[in-house]
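Raw contents of run08.cif, mmCIF, C-alpha atoms:
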```cif
data_structure
#
loop_
_atom_site.group_PDB
_atom_site.id
_atom_site.type_symbol
_atom_site.label_atom_id
_atom_site.label_comp_id
_atom_site.auth_asym_id
_atom_site.auth_seq_id
_atom_site.Cartn_x
_atom_site.Cartn_y
_atom_site.Cartn_z
ATOM 1 C CA MET A 123 -11.072 -35.186 -78.417
ATOM 2 C CA SER A 124 -9.322 -36.541 -75.317
ATOM 3 C CA LEU A 125 -10.207 -39.877 -73.761
ATOM 4 C CA ALA A 126 -11.568 -38.105 -70.682
ATOM 5 C CA SER A 127 -14.035 -36.070 -72.728
ATOM 6 C CA GLN A 128 -15.337 -38.947 -74.864
ATOM 7 C CA PRO A 129 -18.961 -39.805 -74.162
ATOM 8 C CA VAL A 130 -19.633 -42.931 -72.152
ATOM 9 C CA GLY A 131 -20.854 -45.795 -74.309
ATOM 10 C CA ARG A 132 -24.330 -47.282 -74.070
ATOM 11 C CA ARG A 133 -23.007 -50.490 -72.495
ATOM 12 C CA GLU A 134 -21.231 -48.565 -69.724
ATOM 13 C CA ARG A 135 -24.304 -46.380 -69.151
ATOM 14 C CA ASN A 136 -26.481 -49.497 -68.864
ATOM 15 C CA LYS A 137 -24.050 -51.064 -66.382
ATOM 16 C CA GLN A 138 -24.024 -47.888 -64.288
ATOM 17 C CA GLN A 139 -27.825 -47.654 -64.370
ATOM 18 C CA LYS A 140 -28.110 -51.258 -63.182
ATOM 19 C CA LEU A 141 -25.580 -50.620 -60.431
ATOM 20 C CA ASP A 142 -27.499 -47.517 -59.359
ATOM 21 C CA ARG A 143 -30.769 -49.510 -59.256
ATOM 22 C CA ILE A 144 -29.097 -52.263 -57.240
ATOM 23 C CA LYS A 145 -27.700 -49.732 -54.751
ATOM 24 C CA ALA A 146 -31.074 -48.022 -54.376
ATOM 25 C CA ALA A 147 -32.977 -51.299 -53.957
ATOM 26 C CA ALA A 148 -30.445 -52.781 -51.535
ATOM 27 C CA SER A 149 -30.237 -49.548 -49.550
ATOM 28 C CA GLU A 150 -34.015 -49.344 -49.099
ATOM 29 C CA LEU A 151 -34.615 -53.023 -48.336
ATOM 30 C CA LEU A 152 -31.638 -53.380 -46.000
ATOM 31 C CA ALA A 153 -32.612 -50.225 -44.098
ATOM 32 C CA ASP A 154 -36.233 -51.351 -43.771
ATOM 33 C CA HIS A 155 -35.711 -55.011 -42.925
ATOM 34 C CA GLY A 156 -32.049 -55.650 -42.034
ATOM 35 C CA ILE A 157 -29.605 -57.987 -43.703
ATOM 36 C CA GLU A 158 -30.969 -61.145 -42.087
ATOM 37 C CA ASP A 159 -34.522 -60.598 -43.353
ATOM 38 C CA VAL A 160 -33.788 -59.603 -46.958
ATOM 39 C CA THR A 161 -33.082 -62.025 -49.789
ATOM 40 C CA THR A 162 -31.008 -61.410 -52.881
ATOM 41 C CA GLN A 163 -34.143 -62.285 -54.880
ATOM 42 C CA GLN A 164 -36.037 -59.400 -53.229
ATOM 43 C CA ILE A 165 -33.212 -57.008 -54.060
ATOM 44 C CA ALA A 166 -33.041 -58.245 -57.670
ATOM 45 C CA ASP A 167 -36.826 -57.899 -58.045
ATOM 46 C CA LYS A 168 -36.825 -54.365 -56.626
ATOM 47 C CA ALA A 169 -33.909 -53.400 -58.899
ATOM 48 C CA ASP A 170 -35.794 -54.955 -61.857
ATOM 49 C CA ILE A 171 -32.966 -57.292 -62.810
ATOM 50 C CA GLY A 172 -32.378 -61.036 -62.719
ATOM 51 C CA THR A 173 -30.513 -62.634 -59.830
ATOM 52 C CA GLY A 174 -27.801 -63.735 -62.264
ATOM 53 C CA THR A 175 -27.231 -60.093 -63.173
ATOM 54 C CA LEU A 176 -27.235 -59.129 -59.500
ATOM 55 C CA PHE A 177 -24.460 -61.638 -58.808
ATOM 56 C CA LEU A 178 -22.300 -59.971 -61.466
ATOM 57 C CA TYR A 179 -22.274 -56.876 -59.231
ATOM 58 C CA ALA A 180 -22.232 -58.539 -55.802
ATOM 59 C CA LYS A 181 -21.858 -62.257 -55.116
ATOM 60 C CA THR A 182 -23.298 -62.263 -51.571
ATOM 61 C CA LYS A 183 -25.592 -60.251 -49.318
ATOM 62 C CA GLY A 184 -22.447 -59.190 -47.473
ATOM 63 C CA GLU A 185 -21.074 -57.650 -50.647
ATOM 64 C CA LEU A 186 -24.409 -55.924 -51.260
ATOM 65 C CA LEU A 187 -24.230 -54.489 -47.765
ATOM 66 C CA LEU A 188 -20.682 -53.290 -48.422
ATOM 67 C CA LEU A 189 -21.835 -51.703 -51.682
ATOM 68 C CA VAL A 190 -24.498 -49.716 -49.841
ATOM 69 C CA GLN A 191 -22.660 -48.955 -46.603
ATOM 70 C CA ASN A 192 -19.402 -47.907 -48.271
ATOM 71 C CA ALA A 193 -21.214 -44.992 -49.893
ATOM 72 C CA HIS A 194 -22.816 -43.991 -46.572
ATOM 73 C CA TYR A 195 -19.526 -44.378 -44.690
ATOM 74 C CA ALA A 196 -17.670 -42.211 -47.235
ATOM 75 C CA GLU A 197 -20.307 -39.470 -46.848
ATOM 76 C CA ALA A 198 -20.107 -39.696 -43.050
ATOM 77 C CA LEU A 199 -16.319 -39.403 -43.165
ATOM 78 C CA GLN A 200 -16.567 -36.334 -45.372
ATOM 79 C CA LEU A 201 -18.938 -34.681 -42.869
ATOM 80 C CA GLY A 202 -16.678 -35.594 -39.959
ATOM 81 C CA ARG A 203 -13.577 -34.204 -41.652
ATOM 82 C CA ALA A 204 -15.335 -30.910 -42.313
ATOM 83 C CA ASP A 205 -16.488 -30.656 -38.677
ATOM 84 C CA ALA A 206 -13.024 -31.541 -37.363
ATOM 85 C CA GLU A 207 -11.422 -28.694 -39.307
ATOM 86 C CA THR A 208 -13.355 -26.132 -37.274
ATOM 87 C CA THR A 209 -13.095 -27.882 -33.894
ATOM 88 C CA PRO A 210 -10.238 -26.502 -31.774
ATOM 89 C CA ASP A 211 -9.955 -29.157 -29.042
ATOM 90 C CA VAL A 212 -8.110 -32.292 -30.187
ATOM 91 C CA LEU A 213 -10.398 -34.834 -28.498
ATOM 92 C CA ASP A 214 -13.482 -32.988 -29.747
ATOM 93 C CA ALA A 215 -11.964 -32.869 -33.253
ATOM 94 C CA VAL A 216 -11.312 -36.621 -33.229
ATOM 95 C CA LEU A 217 -14.883 -37.208 -32.025
ATOM 96 C CA ALA A 218 -16.138 -34.866 -34.768
ATOM 97 C CA ILE A 219 -14.730 -37.385 -37.262
ATOM 98 C CA VAL A 220 -16.019 -40.383 -35.322
ATOM 99 C CA ARG A 221 -19.605 -39.291 -34.580
ATOM 100 C CA PRO A 222 -21.026 -39.254 -38.150
ATOM 101 C CA ILE A 223 -19.470 -42.675 -38.736
ATOM 102 C CA VAL A 224 -21.160 -44.025 -35.608
ATOM 103 C CA GLU A 225 -24.456 -42.436 -36.693
ATOM 104 C CA CYS A 226 -24.114 -44.049 -40.126
ATOM 105 C CA ASN A 227 -23.261 -47.416 -38.609
ATOM 106 C CA ARG A 228 -26.213 -47.348 -36.183
ATOM 107 C CA VAL A 229 -28.980 -46.542 -38.683
ATOM 108 C CA GLN A 230 -29.723 -50.270 -38.628
ATOM 109 C CA VAL A 231 -27.674 -51.909 -35.845
ATOM 110 C CA ASP A 232 -27.508 -55.437 -37.303
ATOM 111 C CA ASN A 233 -26.494 -54.062 -40.698
ATOM 112 C CA GLY A 234 -23.828 -51.897 -39.064
ATOM 113 C CA ARG A 235 -22.370 -54.774 -37.085
ATOM 114 C CA THR A 236 -22.457 -57.087 -40.131
ATOM 115 C CA TYR A 237 -20.768 -54.408 -42.237
ATOM 116 C CA LEU A 238 -17.891 -54.205 -39.765
ATOM 117 C CA ARG A 239 -17.573 -58.000 -39.728
ATOM 118 C CA GLU A 240 -17.573 -58.127 -43.543
ATOM 119 C CA MET A 241 -14.991 -55.366 -43.683
ATOM 120 C CA VAL A 242 -12.623 -57.021 -41.221
ATOM 121 C CA PHE A 243 -13.001 -60.668 -42.236
ATOM 122 C CA GLY A 244 -13.930 -60.399 -45.901
ATOM 123 C CA ASP A 245 -11.672 -60.995 -48.880
ATOM 124 C CA PRO A 246 -9.508 -57.851 -49.226
ATOM 125 C CA THR A 247 -9.055 -58.526 -52.953
ATOM 126 C CA GLU A 248 -12.801 -58.307 -53.592
ATOM 127 C CA PRO A 249 -13.555 -54.760 -54.867
ATOM 128 C CA ARG A 250 -16.249 -53.889 -52.271
ATOM 129 C CA HIS A 251 -14.029 -55.048 -49.410
ATOM 130 C CA ALA A 252 -11.055 -53.201 -50.867
ATOM 131 C CA GLU A 253 -13.173 -50.039 -51.068
ATOM 132 C CA ALA A 254 -14.221 -50.433 -47.422
ATOM 133 C CA LEU A 255 -10.604 -50.855 -46.341
ATOM 134 C CA SER A 256 -9.673 -47.769 -48.342
ATOM 135 C CA ILE A 257 -12.310 -45.760 -46.451
ATOM 136 C CA VAL A 258 -10.875 -47.057 -43.168
ATOM 137 C CA ALA A 259 -7.425 -45.889 -44.282
ATOM 138 C CA GLN A 260 -8.904 -42.467 -45.102
ATOM 139 C CA THR A 261 -10.484 -42.370 -41.633
ATOM 140 C CA GLU A 262 -7.125 -43.087 -40.044
ATOM 141 C CA GLU A 263 -5.479 -40.394 -42.187
ATOM 142 C CA ALA A 264 -8.114 -37.864 -41.110
ATOM 143 C CA ILE A 265 -7.580 -38.690 -37.430
ATOM 144 C CA ALA A 266 -3.774 -38.608 -37.853
ATOM 145 C CA THR A 267 -4.101 -35.171 -39.457
ATOM 146 C CA VAL A 268 -6.059 -33.901 -36.443
ATOM 147 C CA LEU A 269 -3.484 -35.347 -34.048
ATOM 148 C CA GLY A 270 -0.639 -33.828 -36.060
ATOM 149 C CA ARG A 271 -2.351 -30.450 -36.245
ATOM 150 C CA HIS A 272 -2.512 -30.318 -32.475
ATOM 151 C CA ALA A 273 0.994 -31.745 -32.034
ATOM 152 C CA LEU A 274 -0.429 -34.013 -29.348
ATOM 153 C CA VAL A 275 1.632 -36.935 -30.562
ATOM 154 C CA SER A 276 4.790 -37.040 -32.649
ATOM 155 C CA ALA A 277 4.416 -37.225 -36.406
ATOM 156 C CA GLY A 278 5.735 -40.782 -36.269
ATOM 157 C CA ASP A 279 3.140 -41.817 -33.680
ATOM 158 C CA ALA A 280 0.156 -40.039 -35.240
ATOM 159 C CA ALA A 281 -0.603 -42.826 -37.741
ATOM 160 C CA THR A 282 -0.299 -45.544 -35.080
ATOM 161 C CA THR A 283 -2.465 -43.595 -32.641
ATOM 162 C CA ALA A 284 -5.061 -43.014 -35.378
ATOM 163 C CA HIS A 285 -5.061 -46.760 -36.084
ATOM 164 C CA VAL A 286 -5.750 -47.460 -32.396
ATOM 165 C CA VAL A 287 -8.528 -44.826 -32.294
ATOM 166 C CA THR A 288 -10.180 -46.428 -35.324
ATOM 167 C CA ALA A 289 -9.928 -49.878 -33.718
ATOM 168 C CA VAL A 290 -11.583 -48.494 -30.569
ATOM 169 C CA MET A 291 -14.373 -47.002 -32.676
ATOM 170 C CA PHE A 292 -15.004 -50.238 -34.586
ATOM 171 C CA LEU A 293 -14.937 -52.396 -31.478
ATOM 172 C CA SER A 294 -17.347 -50.070 -29.658
ATOM 173 C CA MET A 295 -19.768 -50.236 -32.592
ATOM 174 C CA ALA A 296 -19.429 -53.997 -33.172
ATOM 175 C CA ALA A 297 -19.409 -55.348 -29.609
ATOM 176 C CA SER A 298 -22.443 -57.464 -28.765
ATOM 177 C CA VAL A 299 -22.671 -55.893 -25.312
ATOM 178 C CA ASN A 300 -23.093 -52.482 -26.978
ATOM 179 C CA ALA A 301 -25.812 -53.536 -29.434
ATOM 180 C CA ALA A 302 -28.583 -51.833 -27.435
ATOM 181 C CA LEU A 303 -26.650 -48.624 -26.724
ATOM 182 C CA SER A 304 -27.703 -45.319 -28.256
ATOM 183 C CA ILE A 305 -25.480 -43.315 -30.587
ATOM 184 C CA ASP A 306 -24.649 -40.920 -27.734
ATOM 185 C CA GLU A 307 -23.686 -43.827 -25.482
ATOM 186 C CA ILE A 308 -21.436 -45.352 -28.145
ATOM 187 C CA VAL A 309 -19.780 -41.985 -28.782
ATOM 188 C CA GLN A 310 -19.283 -41.490 -25.037
ATOM 189 C CA ASP A 311 -17.712 -44.952 -24.775
ATOM 190 C CA ILE A 312 -15.301 -44.050 -27.588
ATOM 191 C CA ARG A 313 -14.603 -40.616 -26.026
ATOM 192 C CA THR A 314 -13.688 -42.207 -22.691
ATOM 193 C CA GLN A 315 -11.276 -44.671 -24.268
ATOM 194 C CA VAL A 316 -9.685 -42.178 -26.671
ATOM 195 C CA GLY A 317 -9.417 -39.627 -23.861
ATOM 196 C CA VAL A 318 -7.297 -42.079 -21.863
ATOM 197 C CA LEU A 319 -5.180 -42.827 -24.930
ATOM 198 C CA LEU A 320 -4.546 -39.158 -25.689
ATOM 199 C CA SER A 321 -3.743 -38.259 -22.083
ATOM 200 C CA ARG A 322 -0.674 -40.518 -22.035
#
```

Show the structure stored in the file as structure tokens.
Amino acid sequence: MSLASQPVGRRERNKQQKLDRIKAAASELLADHGIEDVTTQQIADKADIGTGTLFLYAKTKGELLLLVQNAHYAEALQLGRADAETTPDVLDAVLAIVRPIVECNRVQVDNGRTYLREMVFGDPTEPRHAEALSIVAQTEEAIATVLGRHALVSAGDAATTAHVVTAVMFLSMAASVNAALSIDEIVQDIRTQVGVLLSR
């Protein structure tokens, strides 16, 4: 029997079940009330665990938000990549990647803005932050692939251009002046800026 096919032990199953309960509880409470109005005690109670156990999985509310949002962001990126593959125009293809991420980020505006702040300013060695940064890198790779497919920029410039596009997206979503904007307005703001970038 190979290591890969060995059954998972009871301890590992219990840890995964607790993590799943924490994710579900945090996801529901954060979506309903926002990060500012939810306590770690409420999340622990809903997940049916002690707060000490909760802190083994996430030390702060910011890490809990990362835990929840990383999963949503990864799903949004997967949807965007699939849409981009069938979108012929380069700007439309880039926006096909961007739009589901914006939609994910704007489900609860304060959570979305806090998630971006945690991602950018958090400890990159902490596993949830590292996972978020990995998803950002995957986003940039997806955008660079679109740019390369259309030969709009040189192969050497595709990664840099994708990095700039991602920065534009994050800034548009995080900016205080944009907090009240709709998803369509945020996407249009990003389209305008990326359109200028790609026309050079």

Show me, as a tab-separated table, the residues of range 198-261 of chain A having an atom within 10 Å of range 284-306 of chain A, each with the closest atom pair and its distance in Å, using only C-alpha atoms.
```
residue	atom	partner	partner_atom	distance
A:Val216	CA	A:Val287	CA	8.7
A:Leu217	CA	A:Met291	CA	9.8
A:Val220	CA	A:Met291	CA	7.3
A:Arg221	CA	A:Ile305	CA	8.2
A:Pro222	CA	A:Ile305	CA	9.7
A:Ile223	CA	A:Met291	CA	9.0
A:Val224	CA	A:Ile305	CA	6.7
A:Glu225	CA	A:Ile305	CA	6.3
A:Cys226	CA	A:Ile305	CA	9.7
A:Asn227	CA	A:Met295	CA	7.5
A:Arg228	CA	A:Ile305	CA	6.9
A:Val229	CA	A:Ile305	CA	9.4
A:Val231	CA	A:Ala301	CA	6.9
A:Asp232	CA	A:Ala301	CA	8.3
A:Gly234	CA	A:Ala296	CA	7.6
A:Arg235	CA	A:Ala296	CA	5.0
A:Thr236	CA	A:Ala296	CA	8.2
A:Tyr237	CA	A:Ala296	CA	9.2
A:Leu238	CA	A:Ala296	CA	6.8
A:Arg239	CA	A:Ala296	CA	7.9
A:Val242	CA	A:Phe292	CA	9.8
A:Val258	CA	A:Thr288	CA	7.9
A:Ala259	CA	A:His285	CA	8.6
A:Thr261	CA	A:Thr288	CA	7.5
```

Dump C-alpha atoms for the selected residues as a short mmCIF file (atom, residue, chain, number, x, y, z; two decimals), keeping the file's coordinate frame?
```cif
data_model
loop_
_atom_site.label_atom_id
_atom_site.label_comp_id
_atom_site.auth_asym_id
_atom_site.auth_seq_id
_atom_site.Cartn_x
_atom_site.Cartn_y
_atom_site.Cartn_z
CA VAL A 216 -11.31 -36.62 -33.23
CA LEU A 217 -14.88 -37.21 -32.02
CA VAL A 220 -16.02 -40.38 -35.32
CA ARG A 221 -19.60 -39.29 -34.58
CA PRO A 222 -21.03 -39.25 -38.15
CA ILE A 223 -19.47 -42.68 -38.74
CA VAL A 224 -21.16 -44.02 -35.61
CA GLU A 225 -24.46 -42.44 -36.69
CA CYS A 226 -24.11 -44.05 -40.13
CA ASN A 227 -23.26 -47.42 -38.61
CA ARG A 228 -26.21 -47.35 -36.18
CA VAL A 229 -28.98 -46.54 -38.68
CA VAL A 231 -27.67 -51.91 -35.84
CA ASP A 232 -27.51 -55.44 -37.30
CA GLY A 234 -23.83 -51.90 -39.06
CA ARG A 235 -22.37 -54.77 -37.08
CA THR A 236 -22.46 -57.09 -40.13
CA TYR A 237 -20.77 -54.41 -42.24
CA LEU A 238 -17.89 -54.20 -39.76
CA ARG A 239 -17.57 -58.00 -39.73
CA VAL A 242 -12.62 -57.02 -41.22
CA VAL A 258 -10.88 -47.06 -43.17
CA ALA A 259 -7.42 -45.89 -44.28
CA THR A 261 -10.48 -42.37 -41.63
#
```

Chain and number of each residue from the PyMOL selection byres ((chain A and resi 141) around 12), as a list of chain:residue names: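 Those residues are A:Glu134, A:Arg135, A:Asn136, A:Lys137, A:Gln138, A:Gln139, A:Lys140, A:Asp142, A:Arg143, A:Ile144, A:Lys145, A:Ala146, A:Ala147, A:Ala148, A:Ser149, A:Ile165, A:Ala166, A:Ala169, A:Asp170, A:Ile171, A:Thr175, A:Leu176, A:Phe177, A:Leu178, A:Tyr179, A:Ala180, A:Leu186, A:Leu189, A:Val190.
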
Mind dumping the selected residues with C-alpha atoms as a PDB file, in the coordinates of the input?
```pdb
ATOM      1  CA  GLU A 134     -21.231 -48.565 -69.724  1.00  0.00           C
ATOM      2  CA  ARG A 135     -24.304 -46.380 -69.151  1.00  0.00           C
ATOM      3  CA  ASN A 136     -26.481 -49.497 -68.864  1.00  0.00           C
ATOM      4  CA  LYS A 137     -24.050 -51.064 -66.382  1.00  0.00           C
ATOM      5  CA  GLN A 138     -24.024 -47.888 -64.288  1.00  0.00           C
ATOM      6  CA  GLN A 139     -27.825 -47.654 -64.370  1.00  0.00           C
ATOM      7  CA  LYS A 140     -28.110 -51.258 -63.182  1.00  0.00           C
ATOM      8  CA  ASP A 142     -27.499 -47.517 -59.359  1.00  0.00           C
ATOM      9  CA  ARG A 143     -30.769 -49.510 -59.256  1.00  0.00           C
ATOM     10  CA  ILE A 144     -29.097 -52.263 -57.240  1.00  0.00           C
ATOM     11  CA  LYS A 145     -27.700 -49.732 -54.751  1.00  0.00           C
ATOM     12  CA  ALA A 146     -31.074 -48.022 -54.376  1.00  0.00           C
ATOM     13  CA  ALA A 147     -32.977 -51.299 -53.957  1.00  0.00           C
ATOM     14  CA  ALA A 148     -30.445 -52.781 -51.535  1.00  0.00           C
ATOM     15  CA  SER A 149     -30.237 -49.548 -49.550  1.00  0.00           C
ATOM     16  CA  ILE A 165     -33.212 -57.008 -54.060  1.00  0.00           C
ATOM     17  CA  ALA A 166     -33.041 -58.245 -57.670  1.00  0.00           C
ATOM     18  CA  ALA A 169     -33.909 -53.400 -58.899  1.00  0.00           C
ATOM     19  CA  ASP A 170     -35.794 -54.955 -61.857  1.00  0.00           C
ATOM     20  CA  ILE A 171     -32.966 -57.292 -62.810  1.00  0.00           C
ATOM     21  CA  THR A 175     -27.231 -60.093 -63.173  1.00  0.00           C
ATOM     22  CA  LEU A 176     -27.235 -59.129 -59.500  1.00  0.00           C
ATOM     23  CA  PHE A 177     -24.460 -61.638 -58.808  1.00  0.00           C
ATOM     24  CA  LEU A 178     -22.300 -59.971 -61.466  1.00  0.00           C
ATOM     25  CA  TYR A 179     -22.274 -56.876 -59.231  1.00  0.00           C
ATOM     26  CA  ALA A 180     -22.232 -58.539 -55.802  1.00  0.00           C
ATOM     27  CA  LEU A 186     -24.409 -55.924 -51.260  1.00  0.00           C
ATOM     28  CA  LEU A 189     -21.835 -51.703 -51.682  1.00  0.00           C
ATOM     29  CA  VAL A 190     -24.498 -49.716 -49.841  1.00  0.00           C
TER      30      VAL A 190
END
```

A:Gln200, A:Thr209, A:Thr247, A:Gln310 ranked by distance to Gln260 in chain A, top pick (using only C-alpha atoms):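 Looking only at the distances to Gln260 in chain A, the closest residue turns out to be A:Gln200.
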
Point-to-point distance in Å for CA of Glu185 in chain A and CA of Glu248 in chain A: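 CA of Glu185 in chain A lies 8.8 Å from CA of Glu248 in chain A.
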
Output check: residues returned by the PyMOL selection byres ((chain A and resi 201-205) around 6), as a ChimeraX atom specification: /A:198-200,206-208,218-219,222
